[in-house]
Amino acid sequence: MRDLLRDLVREDPGYVELRYHDRRTHAVRVEQGKVESAQASRRRGVGVRVLERGAFGFASTSRTDRDSIRAAIERARAAARGVAGFRREGVPGLAPATLARGEFVDPAVDALARKPLEEKVGLALQMEERARRAASAVRSAVCRYNEIFEDKVIATSDGADAEVRLVRPEFVVQAVAEREGELQRAHESLGATGGWECLFARRRPEELAEKASRTAVDLLGAGYPDGGRATVILSPALVGLLAHEAIGHTVEADFVISGSVAKGKIGERVASDLVTLVDSGASEHYAGAGGTLPVDDEGVPAGRTVIIERGILRSYLHNRESAARFGVTPTGNARAWEFSDQPLIRMRNTYVEPGEQTLEEMIAGVEDGFLLEGPQGGQADATGEFMFGVQEARRIRGGRLGELVRGVTISGIAFDVLRTVDAVSREFRWDLGSGYCGKFQPAKVDAGGPYLRCQAVLGGRQT
Amino acid sequence: VSDAATLLEKARETVRRGRRIGADAIEVFATAEREAKVHLEADDLGTAHSHDEERFGIRVRLRGASGFASTNDASQEARDEAVRAALAVAAVSPPDPFDDLAPPTRTTTVAGLHDAALEELDVETLGKLCAELAARARDTDGRVRIDSGWILRSAQTTAIATSTGIALCERTTQADALLFGMAVEGERVGSFDSEQAAVCSLAELRAELEALPRRWVAKVTSSLAAGPGETFRGTLVLSREAVAEFMLPALVGSLSAQAVRMGRSRFAGKIGERAFSAGLSITDDGTLPGRPGSASFDREGIPHQPLPLVARGELRSFLWNTREARAAARAEGSTGHASGGPRAAPGIGPTSLLVGEGDQPDDALVREVAHGILLSRFSGNSDAVSGDFSGVAKGSFLLRSGEAPRPIQETLVSGNLYELLAAVSGVGRERRWIDGTVLAPLVRVEGVSVTSG
């Protein structure tokens with residue numbers, strides 16, 4: 001395939017980008033002792049992007065022979081010509097970059113592919129049962145195991161010629177507990193770029209099953225917070241969510257061009273000097289982060305981009321088109337979910353660098369506040385306003401952990417919240433590896449960081 | 001891609017070959033899709049996109065167990081390979097006596113789901129329409145910034161063939177239009193918001209392209225003047241979008257027969273009971289002519305049907321597919337709510353949801369509020385199991401009796417959805433389709449906690 005794509009981009013005048021993508025998945029879902037679904041899926045094809053008359057045209061084909069790809073190139077050219085006359089401005093061109101050449105193959109791919117499906121289904125059955133039997137109040141449990149094998153070839157007419165092979169497994173346990181008609185749900189998850197050993201390197205599956213059940217039971221009967229502005233300690237997963245949702249999206253160059261709150265703020269202080277925030281294609285600090293990729297879908301090496309350095313906004317995230325507009329080097333953030341998707345500016349592994357303190361020291365410094373663990377999704381706005389759901393919120397009074405409360409959501413304006421950061425732990429975790437970012441198409445990302453102490457608004461209940 | 005007859009024949013051929021390869025029973029669900037899409041990016045036309053693809057979802061039964069595999073390679077070799085992959089999955093799965101294939105059922109063609117004029121819409125015309133859409137938004141209010149958007153035209157053929165004797169196919173067309181972005185005025189940046197429409201014909205698309213920019217501009221400019229909110233317990237008026245995107249997903253998720261069987265629904269055993277306020281009625285109907293949520297058969301080849309879920313506050317039915325109906329020994333069988341496409345085995349889901357209209361005009365419903373929030377969009381978490389929700393009220397307004405609605409920011413709303421739906425104090429009489437699949441009025445509920453930063 002690599003030879004074929006290399007030949008085809010040489011044959012065509014102008015900018016042509018060809019991306020072969022073969023995605024194979026297995027997905028197993030066990031619930032109440034039964035395999036509710038077990039599925040294999042394969043989707044492959046070639047996405048073609050051309051730049052002609054100042055407009056991009058994109059076409060995709062699930063047929064991977066020479067004639068079909070050539071026909072797709074012609075359709076992409078026709079699409080570009082079809083809209084070029086209606087554009088207000090032409091595409092400014094593509095920023096030059098040192099484009100990737102060679103093979104980038106994770107050795108874990110073949111090992112995980114060889115591991116029998118029976119063992120994966122068996123583990124899901126065992127862990128669902130373990131979660132369901134962990135406490136008498138647990139009414140049901142779910143265990144999911146997914147694996148995504150990615151095989152890509154990227155060739156561009158200006159020199160990219162790369163093959164990338166990765167695998168991304170995920171493991172999720174969910175438990176539902178019930179008491180007197182009240183239902184509470186909790187979940188634990190892992191996701192990695194790497195093999196079986198990488199997925200379970202830091203947490204065993206048994207630990208996830210028992211933790212999900214224990215949390216669901218503990219949430220039964222837990223009270224609600226009053227709500228309002230509070231001192232909070234965010235766990236690494238929530239710090240990752242903050243870095244991704246509330247900051248990361250506002251610095252994606254396409255959002256910046258549209259007028260996000262980060263526009264025009266390069267060089268300005270946007271956070272406490274304890275905060276250094278990074279997006280990287282590599283798995284920094286330790287291996288296995290779920291959004292790891294060596295090369296982006298324009299063929300640009302996916303490097304490390306410091307977005308905020310000691311509180312100062314340093315960079316946006318770019319593809320080659322936006323880098324040309326801004327006069328900077330592309331950061332390797334162009335990503336497409338499947339062959340039929342065009343590359344968009346997306347994050348990879350987004351995190352806050354660790355600091356100096358222990359979590360215990362950070363808790364001891366809180367007179368009245370909350371320790372927040374376990375994200376339940378989050379969203380952010382062009383204004384930097386964010387919202388995160390929290391699975392477990394524990395009161396802190398007089399520097400000591402207190403009771404669990406539930407139904408907690410935190411919100412704030414991201415840059416305002418980051419300015420209030422007064423403590424950062426030295427413990428660091430990647431903790432959103434089972435997550436997906438949604439920006440018109442999914443993207444496998446990871447995020448994480450240290451524990452981080454700041455001020456935010458908690459949603460609560462008024463009586 | 002294949003025409004309807006060819007696609008159905010490929011599905012039937014795969015069934016025949018699947019039986020020979022070793023499946024005890026087999027279902028093949030296939031789609032052939034032709035798409036053209038023109039994007040809007042950063043206030044200008046973006047990439048034009050053309051895509052053709054066939055997909056096959058293959059469900060097999062082997063010694064009482066099920067397996068599923070999908071492929072987008074239409075060659076006979078790839079379909080055979082997918083059959084073998086499905087059999088390999090079934091071979092390592094425990095038996096499931098309920099997950100058998102659906103029996104053949106008489107179906108009636110739903111009208112208005114295919115429009116030749118829409119199918120023939122080319123990329124250049126889409127580009128022109130897209131440019132006009134963006135210009136109409138900018139002309140309405142120069143402060144708006146289109147971050148992204150699109151017009152998508154798709155023509156799809158769906159076919160299903162099973163070893164139980166089902167052999168059906170249908171052609172449909174659909175167009176989607178979207179505007180996403182915000183308003184900017186000097187240093188003030190408003191909230192992101194989007195407006196979307198989904199229709200089945202070119203005439204409807206042209207009408208939507210006139211109305212959609214005005215609705216989107218009204219949304220994004222309203223948040224520019226947003227000020228601080230207040231902390232109180234009071235009334236929540238759900239916009240039509242909030243009804244479609246916040247209220248219904250959690251509720252309808254709890255009305256799936258699978259959620260009931262798995263102990264994830266608080267409505268188990270409550271059919272026939274008054275579970276909600278008398279003002280609330282919800283019907284699912286996948287048989288409406290010309291609606292994007294409609295089809296002549298579901299993911300298993302069973303016809304859809306109008307299905308009252310909630311009638312004047314009384315819980316009437318859950319959503320059933322064949323597997324859940326068998327597991328519950330439901331004599332009437334599936335309600336035609338097997339959902340999904342060729343990339344996954346059948347699930348359960350709604351088609352078009354219709355919330356019954358009330359008797360109050362919108363302005364009266366809002367004017368009567370003593371202290372509350374008009375919730376335009378909910379950005380937060382809503383747990384279908386417990387009903388607990390907490391999130392930010394986006395693009396929303398503070399309501400106080402005798403005062404004009406005031407836009408607010410940094411305001412969180414919290415409560416329990418199921419308790420709120422037992423405390424409905426008003427339903428509007430003016431309904432509108434949201435995203436093509438939910439017909440919603442305004443819904444007013446009491447007892448919501450509001451927290452301002």
# chains A, B, ... in the order shown; residues from 1 in each chain; ligands from 1
$ select_by_dssp --residues "segment 229-386 of chain A" --states "alpha helix (DSSP H)" --output "compact mmCIF listing (two decimals) with all heavy atoms, in the first residue's frame"
# COMPACT_ATOMS: atom_id res chain seq x y z
N PRO A 236 -5.86 13.99 39.16
CA PRO A 236 -5.21 14.03 37.84
C PRO A 236 -6.20 13.90 36.68
O PRO A 236 -6.03 14.55 35.64
CB PRO A 236 -4.24 12.84 37.90
CG PRO A 236 -3.85 12.77 39.33
CD PRO A 236 -5.12 13.11 40.10
N ALA A 237 -7.25 13.08 36.83
CA ALA A 237 -8.21 12.94 35.74
C ALA A 237 -8.95 14.26 35.50
O ALA A 237 -9.19 14.65 34.36
CB ALA A 237 -9.21 11.83 36.06
N LEU A 238 -9.32 14.94 36.59
CA LEU A 238 -10.03 16.21 36.44
C LEU A 238 -9.10 17.31 35.94
O LEU A 238 -9.52 18.19 35.17
CB LEU A 238 -10.69 16.61 37.76
CG LEU A 238 -11.93 15.78 38.09
CD1 LEU A 238 -12.28 15.87 39.56
CD2 LEU A 238 -13.11 16.23 37.24
N VAL A 239 -7.84 17.26 36.34
CA VAL A 239 -6.86 18.22 35.81
C VAL A 239 -6.71 17.98 34.30
O VAL A 239 -6.65 18.93 33.51
CB VAL A 239 -5.51 18.07 36.53
CG1 VAL A 239 -4.42 18.88 35.83
CG2 VAL A 239 -5.64 18.51 37.98
N GLY A 240 -6.68 16.72 33.92
CA GLY A 240 -6.60 16.39 32.50
C GLY A 240 -7.81 16.91 31.75
O GLY A 240 -7.69 17.46 30.64
N LEU A 241 -8.97 16.75 32.35
CA LEU A 241 -10.19 17.25 31.71
C LEU A 241 -10.15 18.77 31.57
O LEU A 241 -10.54 19.33 30.54
CB LEU A 241 -11.39 16.82 32.57
CG LEU A 241 -12.75 16.69 31.91
CD1 LEU A 241 -12.71 15.80 30.69
CD2 LEU A 241 -13.76 16.14 32.92
N ALA A 253 -6.13 26.12 16.81
CA ALA A 253 -6.02 27.33 15.98
C ALA A 253 -7.29 27.63 15.19
O ALA A 253 -7.59 28.79 14.92
CB ALA A 253 -4.82 27.21 15.04
N ASP A 254 -8.05 26.59 14.82
CA ASP A 254 -9.29 26.87 14.09
C ASP A 254 -10.28 27.61 14.98
O ASP A 254 -10.97 28.54 14.53
CB ASP A 254 -9.91 25.60 13.49
CG ASP A 254 -10.02 24.46 14.46
OD1 ASP A 254 -9.47 24.54 15.58
OD2 ASP A 254 -10.67 23.45 14.12
N PHE A 255 -10.35 27.24 16.28
CA PHE A 255 -11.20 27.99 17.21
C PHE A 255 -10.65 29.39 17.46
O PHE A 255 -11.39 30.35 17.63
CB PHE A 255 -11.33 27.25 18.55
CG PHE A 255 -12.32 26.10 18.52
CD1 PHE A 255 -12.30 25.13 19.50
CD2 PHE A 255 -13.28 26.00 17.53
CE1 PHE A 255 -13.21 24.07 19.49
CE2 PHE A 255 -14.18 24.95 17.50
CZ PHE A 255 -14.15 23.98 18.48
N VAL A 256 -9.32 29.49 17.49
CA VAL A 256 -8.70 30.81 17.71
C VAL A 256 -9.08 31.75 16.56
O VAL A 256 -9.47 32.90 16.78
CB VAL A 256 -7.17 30.68 17.84
CG1 VAL A 256 -6.52 32.07 17.93
CG2 VAL A 256 -6.80 29.84 19.06
N ILE A 257 -8.99 31.24 15.34
CA ILE A 257 -9.34 32.06 14.18
C ILE A 257 -10.79 32.52 14.27
O ILE A 257 -11.13 33.66 13.94
CB ILE A 257 -9.10 31.26 12.87
CG1 ILE A 257 -7.60 31.05 12.65
CG2 ILE A 257 -9.70 31.99 11.66
CD1 ILE A 257 -7.26 30.00 11.60
N SER A 258 -11.65 31.65 14.78
CA SER A 258 -13.06 32.01 14.90
C SER A 258 -13.32 33.01 16.03
O SER A 258 -14.39 33.57 16.11
CB SER A 258 -13.90 30.76 15.15
OG SER A 258 -13.80 29.89 14.06
N ARG A 320 -1.26 22.22 9.16
CA ARG A 320 -0.38 22.94 8.24
C ARG A 320 -1.03 24.21 7.70
O ARG A 320 -0.36 25.21 7.45
CB ARG A 320 0.06 22.02 7.09
CG ARG A 320 0.94 20.88 7.58
CD ARG A 320 1.45 20.05 6.41
NE ARG A 320 2.39 20.79 5.59
CZ ARG A 320 2.87 20.36 4.42
NH1 ARG A 320 2.44 19.19 3.94
NH2 ARG A 320 3.72 21.10 3.73
N GLU A 321 -2.36 24.18 7.52
CA GLU A 321 -3.03 25.37 7.00
C GLU A 321 -3.01 26.50 8.03
O GLU A 321 -2.66 27.63 7.72
CB GLU A 321 -4.48 25.04 6.62
CG GLU A 321 -5.22 26.24 6.06
CD GLU A 321 -6.74 26.04 5.95
OE1 GLU A 321 -7.22 24.95 6.32
OE2 GLU A 321 -7.41 26.98 5.53
N SER A 322 -3.38 26.19 9.28
CA SER A 322 -3.41 27.26 10.29
C SER A 322 -2.00 27.76 10.59
O SER A 322 -1.79 28.94 10.85
CB SER A 322 -4.10 26.77 11.57
OG SER A 322 -3.28 25.91 12.31
N ALA A 323 -1.00 26.84 10.55
CA ALA A 323 0.38 27.28 10.78
C ALA A 323 0.80 28.28 9.71
O ALA A 323 1.52 29.25 10.00
CB ALA A 323 1.31 26.07 10.79
N ALA A 324 0.34 28.07 8.46
CA ALA A 324 0.65 29.03 7.40
C ALA A 324 0.00 30.39 7.69
O ALA A 324 0.61 31.44 7.50
CB ALA A 324 0.19 28.49 6.05
N ARG A 325 -1.24 30.35 8.17
CA ARG A 325 -1.93 31.61 8.50
C ARG A 325 -1.19 32.38 9.60
O ARG A 325 -1.12 33.60 9.59
CB ARG A 325 -3.34 31.33 9.00
CG ARG A 325 -4.35 31.02 7.91
CD ARG A 325 -5.74 30.88 8.53
NE ARG A 325 -6.67 30.29 7.60
CZ ARG A 325 -7.37 30.99 6.70
NH1 ARG A 325 -7.22 32.29 6.64
NH2 ARG A 325 -8.18 30.37 5.87
N PHE A 326 -0.69 31.63 10.63
CA PHE A 326 -0.07 32.26 11.79
C PHE A 326 1.43 32.46 11.59
O PHE A 326 2.09 33.06 12.44
CB PHE A 326 -0.31 31.42 13.05
CG PHE A 326 -1.71 31.54 13.61
CD1 PHE A 326 -2.78 30.89 13.03
CD2 PHE A 326 -1.96 32.33 14.73
CE1 PHE A 326 -4.06 31.00 13.54
CE2 PHE A 326 -3.23 32.45 15.26
CZ PHE A 326 -4.30 31.78 14.66
N LEU A 359 0.01 15.09 47.99
CA LEU A 359 -1.43 15.29 48.12
C LEU A 359 -1.79 15.56 49.58
O LEU A 359 -2.65 16.41 49.87
CB LEU A 359 -2.18 14.05 47.61
CG LEU A 359 -3.69 14.05 47.78
CD1 LEU A 359 -4.34 15.23 47.05
CD2 LEU A 359 -4.30 12.73 47.29
N GLU A 360 -1.14 14.87 50.50
CA GLU A 360 -1.43 15.05 51.92
C GLU A 360 -1.15 16.50 52.34
O GLU A 360 -1.94 17.10 53.09
CB GLU A 360 -0.58 14.09 52.76
CG GLU A 360 -0.95 12.62 52.59
CD GLU A 360 -0.57 12.04 51.23
OE1 GLU A 360 0.40 12.54 50.60
OE2 GLU A 360 -1.25 11.10 50.76
N GLU A 361 -0.06 17.06 51.86
CA GLU A 361 0.25 18.46 52.18
C GLU A 361 -0.81 19.39 51.61
O GLU A 361 -1.20 20.38 52.25
CB GLU A 361 1.62 18.84 51.60
CG GLU A 361 2.79 18.20 52.31
CD GLU A 361 4.10 18.34 51.53
OE1 GLU A 361 4.08 18.71 50.32
OE2 GLU A 361 5.14 18.02 52.12
N MET A 362 -1.29 19.07 50.42
CA MET A 362 -2.30 19.93 49.80
C MET A 362 -3.61 19.88 50.57
O MET A 362 -4.27 20.90 50.76
CB MET A 362 -2.51 19.50 48.34
CG MET A 362 -1.28 19.81 47.46
SD MET A 362 -1.34 19.01 45.84
CE MET A 362 -2.71 19.87 45.07
N ILE A 363 -4.02 18.68 51.02
CA ILE A 363 -5.25 18.55 51.80
C ILE A 363 -5.10 19.29 53.13
O ILE A 363 -6.02 20.00 53.58
CB ILE A 363 -5.58 17.06 52.04
CG1 ILE A 363 -5.94 16.39 50.72
CG2 ILE A 363 -6.71 16.90 53.06
CD1 ILE A 363 -6.04 14.87 50.79
N ALA A 364 -3.95 19.13 53.75
CA ALA A 364 -3.72 19.76 55.06
C ALA A 364 -3.84 21.29 54.97
O ALA A 364 -4.15 21.95 55.97
CB ALA A 364 -2.35 19.37 55.58
$ interface_residues --of "chain A" --to "chain B" --cutoff "6 Å" --atoms "only C-alpha atoms" --output "list of chain:residue names"
A:Gln39, A:Ala40, A:Ser41, A:Arg42, A:Arg43, A:Phe56, A:Gly57, A:Phe58, A:Ala59, A:Ser60, A:Ala79, A:Gly82, A:Val83, A:Arg87, A:Glu118, A:Leu183, A:Gln184, A:Gly228, A:Arg229, A:Ser258, A:Asp381, A:Ala382, A:Thr383, A:Gly389, A:Thr409, A:Val457, A:Gly459, A:Arg461, A:Gln462
$ closest_residue --among "A:Gly402, A:Pro96, A:Gly448, A:Gly412" --to "Gly299 of chain A" --atoms "only C-alpha atoms"
A:Pro96
$ residues_around --residues "Ser434 of chain A" --least-positions-apart "6" --cutoff "7 Å" --atoms "only C-alpha atoms" --output "list in words"
Glu170, Ser189, Leu190 and Gly191 of chain A
$ write_last_selection --atoms "all heavy atoms" --output "PDB file, in the first residue's frame"
ATOM      1  N   GLU A 170      -9.031  -0.722  25.703  1.00  0.00           N
ATOM      2  CA  GLU A 170      -9.770  -0.016  26.766  1.00  0.00           C
ATOM      3  C   GLU A 170     -10.483  -1.044  27.640  1.00  0.00           C
ATOM      4  O   GLU A 170     -10.951  -2.076  27.131  1.00  0.00           O
ATOM      5  CB  GLU A 170     -10.859   0.896  26.182  1.00  0.00           C
ATOM      6  CG  GLU A 170     -10.384   1.924  25.217  1.00  0.00           C
ATOM      7  CD  GLU A 170     -11.525   2.486  24.373  1.00  0.00           C
ATOM      8  OE1 GLU A 170     -12.699   2.111  24.604  1.00  0.00           O
ATOM      9  OE2 GLU A 170     -11.225   3.262  23.466  1.00  0.00           O
ATOM     10  N   SER A 189     -12.251   3.113  34.719  1.00  0.00           N
ATOM     11  CA  SER A 189     -11.842   2.779  33.356  1.00  0.00           C
ATOM     12  C   SER A 189     -10.342   2.941  33.155  1.00  0.00           C
ATOM     13  O   SER A 189      -9.693   3.695  33.881  1.00  0.00           O
ATOM     14  CB  SER A 189     -12.591   3.666  32.354  1.00  0.00           C
ATOM     15  OG  SER A 189     -12.251   5.012  32.565  1.00  0.00           O
ATOM     16  N   LEU A 190      -9.848   2.230  32.170  1.00  0.00           N
ATOM     17  CA  LEU A 190      -8.460   2.336  31.738  1.00  0.00           C
ATOM     18  C   LEU A 190      -8.434   2.388  30.218  1.00  0.00           C
ATOM     19  O   LEU A 190      -9.272   1.764  29.562  1.00  0.00           O
ATOM     20  CB  LEU A 190      -7.649   1.107  32.157  1.00  0.00           C
ATOM     21  CG  LEU A 190      -7.417   0.838  33.635  1.00  0.00           C
ATOM     22  CD1 LEU A 190      -6.733  -0.522  33.805  1.00  0.00           C
ATOM     23  CD2 LEU A 190      -6.558   1.932  34.244  1.00  0.00           C
ATOM     24  N   GLY A 191      -7.462   3.086  29.672  1.00  0.00           N
ATOM     25  CA  GLY A 191      -7.258   3.060  28.228  1.00  0.00           C
ATOM     26  C   GLY A 191      -5.801   3.352  27.948  1.00  0.00           C
ATOM     27  O   GLY A 191      -5.166   4.102  28.695  1.00  0.00           O
TER      28      GLY A 191
END
$ residues_around --residues "Gln156 of chain B" --least-positions-apart "6" --cutoff "6 Å" --atoms "only C-alpha atoms" --output "list in words"
Ala32, Glu33, Arg171 and Thr172 of chain B
$ residues_around --residues "Ile373 of chain B" --least-positions-apart "2" --cutoff "8 Å" --atoms "only C-alpha atoms" --output "PDB file with C-alpha atoms, in the first residue's frame"
ATOM      1  CA  GLY B 234     -37.167  27.730  41.711  1.00  0.00           C
ATOM      2  CA  THR B 235     -38.661  27.100  38.290  1.00  0.00           C
ATOM      3  CA  LEU B 236     -36.990  25.791  35.139  1.00  0.00           C
ATOM      4  CA  VAL B 237     -38.488  26.402  31.725  1.00  0.00           C
ATOM      5  CA  HIS B 371     -38.243  33.137  40.044  1.00  0.00           C
ATOM      6  CA  LEU B 375     -32.838  26.909  30.050  1.00  0.00           C
ATOM      7  CA  SER B 396     -29.991  30.943  29.383  1.00  0.00           C
ATOM      8  CA  PHE B 397     -32.087  33.650  31.013  1.00  0.00           C
ATOM      9  CA  LEU B 398     -33.027  34.595  34.571  1.00  0.00           C
ATOM     10  CA  LEU B 399     -36.794  34.959  34.992  1.00  0.00           C
TER      11      LEU B 399
END
$ closest_residue --among "A:Ile308, A:Ala155, A:Ala334, A:Leu112" --to "Asp273 of chain A" --atoms "only C-alpha atoms"
A:Ile308
$ residues_around --residues "segment 136-141 of chain A" --least-positions-apart "3" --cutoff "8 Å" --atoms "only C-alpha atoms" --output "tab-separated table (two decimals) with N, CA and C atoms, in the first residue's frame"
chain	number	residue	atom	x	y	z
A	31	GLU	N	-22.81	-8.08	30.81
A	31	GLU	CA	-23.72	-7.48	31.78
A	31	GLU	C	-24.54	-8.59	32.41
A	32	GLN	N	-24.70	-8.57	33.72
A	32	GLN	CA	-25.48	-9.56	34.46
A	32	GLN	C	-25.07	-10.99	34.12
A	128	GLU	N	-16.93	-8.60	35.54
A	128	GLU	CA	-18.34	-8.22	35.74
A	128	GLU	C	-18.89	-8.94	36.96
A	129	GLU	N	-18.58	-10.22	37.07
A	129	GLU	CA	-19.07	-10.99	38.22
A	129	GLU	C	-18.46	-10.46	39.52
A	131	ALA	N	-17.47	-7.44	40.19
A	131	ALA	CA	-18.11	-6.17	40.56
A	131	ALA	C	-19.52	-6.43	41.10
A	132	ARG	N	-20.26	-7.33	40.45
A	132	ARG	CA	-21.65	-7.59	40.84
A	132	ARG	C	-21.73	-8.24	42.22
A	133	ARG	N	-20.73	-9.04	42.57
A	133	ARG	CA	-20.77	-9.76	43.84
A	133	ARG	C	-19.99	-9.04	44.95
A	173	VAL	N	-15.33	-0.84	33.87
A	173	VAL	CA	-16.26	-1.55	34.75
A	173	VAL	C	-17.23	-0.53	35.32
A	174	GLN	N	-18.50	-0.90	35.32
A	174	GLN	CA	-19.53	-0.02	35.87
A	174	GLN	C	-20.39	-0.84	36.82
A	175	ALA	N	-20.80	-0.23	37.94
A	175	ALA	CA	-21.67	-0.93	38.89
A	175	ALA	C	-22.85	-0.03	39.24
A	176	VAL	N	-24.01	-0.64	39.43
A	176	VAL	CA	-25.21	0.09	39.87
A	176	VAL	C	-25.63	-0.49	41.21
A	177	ALA	N	-25.74	0.37	42.22
A	177	ALA	CA	-26.17	-0.07	43.55
A	177	ALA	C	-27.57	0.49	43.83
A	178	GLU	N	-28.33	-0.23	44.65
A	178	GLU	CA	-29.72	0.18	44.93
A	178	GLU	C	-30.04	0.01	46.40
A	179	ARG	N	-30.71	0.98	46.98
A	179	ARG	CA	-31.22	0.86	48.33
A	179	ARG	C	-32.54	1.62	48.41
A	213	SER	N	-17.77	-0.88	42.39
A	213	SER	CA	-18.86	-1.32	43.27
A	213	SER	C	-18.85	-0.54	44.58
A	216	ALA	N	-20.23	3.01	44.04
A	216	ALA	CA	-21.69	3.04	43.82
A	216	ALA	C	-22.43	2.86	45.14
A	217	VAL	N	-21.94	1.95	45.99
A	217	VAL	CA	-22.59	1.72	47.29
A	217	VAL	C	-22.42	2.95	48.19
B	262	MET	N	-31.84	-5.12	32.97
B	262	MET	CA	-30.54	-5.10	33.62
B	262	MET	C	-30.55	-4.37	34.97
B	263	GLY	N	-31.72	-3.92	35.42
B	263	GLY	CA	-31.78	-3.25	36.72
B	263	GLY	C	-31.27	-1.84	36.67
B	264	ARG	N	-31.24	-1.24	35.46
B	264	ARG	CA	-30.75	0.12	35.33
B	264	ARG	C	-31.88	1.13	35.17
$ select_by_dssp --residues "segment 301-412 of chain A" --states "strand (DSSP E or B)" --output "NGL selection string"
:A and (301 or 304-309 or 312-313 or 317 or 334-335 or 344-345 or 349-352 or 357 or 368-380 or 385-397 or 400-405 or 408-412)
$ residues_around --residues "Leu118 of chain B" --least-positions-apart "5" --cutoff "9 Å" --atoms "only C-alpha atoms" --output "MDAnalysis selection string"
chainID B and resid 153:155 173:175 200:203 205
$ write_last_selection --atoms "all heavy atoms" --output "short mmCIF file (atom, residue, chain, number, x, y, z; two decimals), in the first residue's frame"
data_model
loop_
_atom_site.label_atom_id
_atom_site.label_comp_id
_atom_site.auth_asym_id
_atom_site.auth_seq_id
_atom_site.Cartn_x
_atom_site.Cartn_y
_atom_site.Cartn_z
N ARG B 153 -25.60 16.20 2.04
CA ARG B 153 -26.65 15.47 1.32
C ARG B 153 -26.27 14.00 1.27
O ARG B 153 -25.16 13.66 0.86
CB ARG B 153 -26.79 16.05 -0.10
CG ARG B 153 -27.81 15.37 -0.98
CD ARG B 153 -27.22 14.20 -1.73
NE ARG B 153 -26.29 14.58 -2.79
CZ ARG B 153 -25.34 13.78 -3.23
NH1 ARG B 153 -25.14 12.57 -2.71
NH2 ARG B 153 -24.53 14.18 -4.20
N SER B 154 -27.16 13.13 1.73
CA SER B 154 -26.84 11.71 1.64
C SER B 154 -28.01 10.95 1.02
O SER B 154 -29.17 11.28 1.24
CB SER B 154 -26.50 11.12 3.00
OG SER B 154 -27.62 11.03 3.82
N ALA B 155 -27.64 9.97 0.24
CA ALA B 155 -28.63 9.05 -0.35
C ALA B 155 -28.23 7.65 0.09
O ALA B 155 -27.08 7.25 -0.12
CB ALA B 155 -28.62 9.16 -1.87
N THR B 173 -33.34 9.51 1.35
CA THR B 173 -32.43 10.66 1.22
C THR B 173 -32.55 11.50 2.48
O THR B 173 -33.58 11.51 3.14
CB THR B 173 -32.78 11.54 0.01
OG1 THR B 173 -34.19 11.82 0.04
CG2 THR B 173 -32.42 10.89 -1.29
N GLN B 174 -31.48 12.20 2.78
CA GLN B 174 -31.51 13.11 3.93
C GLN B 174 -30.54 14.25 3.69
O GLN B 174 -29.48 14.07 3.07
CB GLN B 174 -31.13 12.37 5.21
CG GLN B 174 -31.28 13.23 6.46
CD GLN B 174 -31.10 12.45 7.75
OE1 GLN B 174 -31.55 11.31 7.86
NE2 GLN B 174 -30.47 13.05 8.73
N ALA B 175 -30.90 15.42 4.18
CA ALA B 175 -29.98 16.56 4.16
C ALA B 175 -29.89 17.11 5.58
O ALA B 175 -30.90 17.18 6.29
CB ALA B 175 -30.48 17.65 3.22
N CYS B 200 -35.76 15.46 4.64
CA CYS B 200 -35.67 14.38 3.64
C CYS B 200 -35.81 14.86 2.20
O CYS B 200 -35.72 14.04 1.28
CB CYS B 200 -36.75 13.32 3.91
SG CYS B 200 -36.51 12.43 5.44
N SER B 201 -36.09 16.14 1.98
CA SER B 201 -36.31 16.60 0.60
C SER B 201 -35.62 17.92 0.34
O SER B 201 -35.34 18.69 1.28
CB SER B 201 -37.81 16.75 0.32
OG SER B 201 -38.31 17.87 1.01
N LEU B 202 -35.39 18.22 -0.95
CA LEU B 202 -34.73 19.47 -1.32
C LEU B 202 -35.60 20.67 -0.99
O LEU B 202 -35.10 21.70 -0.54
CB LEU B 202 -34.41 19.44 -2.83
CG LEU B 202 -33.70 20.66 -3.38
CD1 LEU B 202 -32.39 20.92 -2.66
CD2 LEU B 202 -33.45 20.50 -4.89
N ALA B 203 -36.91 20.55 -1.17
CA ALA B 203 -37.80 21.68 -0.86
C ALA B 203 -37.72 22.03 0.62
O ALA B 203 -37.65 23.21 0.99
CB ALA B 203 -39.23 21.32 -1.25
N LEU B 205 -35.18 21.38 2.57
CA LEU B 205 -33.84 21.92 2.82
C LEU B 205 -33.80 23.41 2.50
O LEU B 205 -33.30 24.21 3.28
CB LEU B 205 -32.80 21.17 1.99
CG LEU B 205 -31.38 21.73 2.07
CD1 LEU B 205 -30.82 21.63 3.49
CD2 LEU B 205 -30.43 21.02 1.09
#
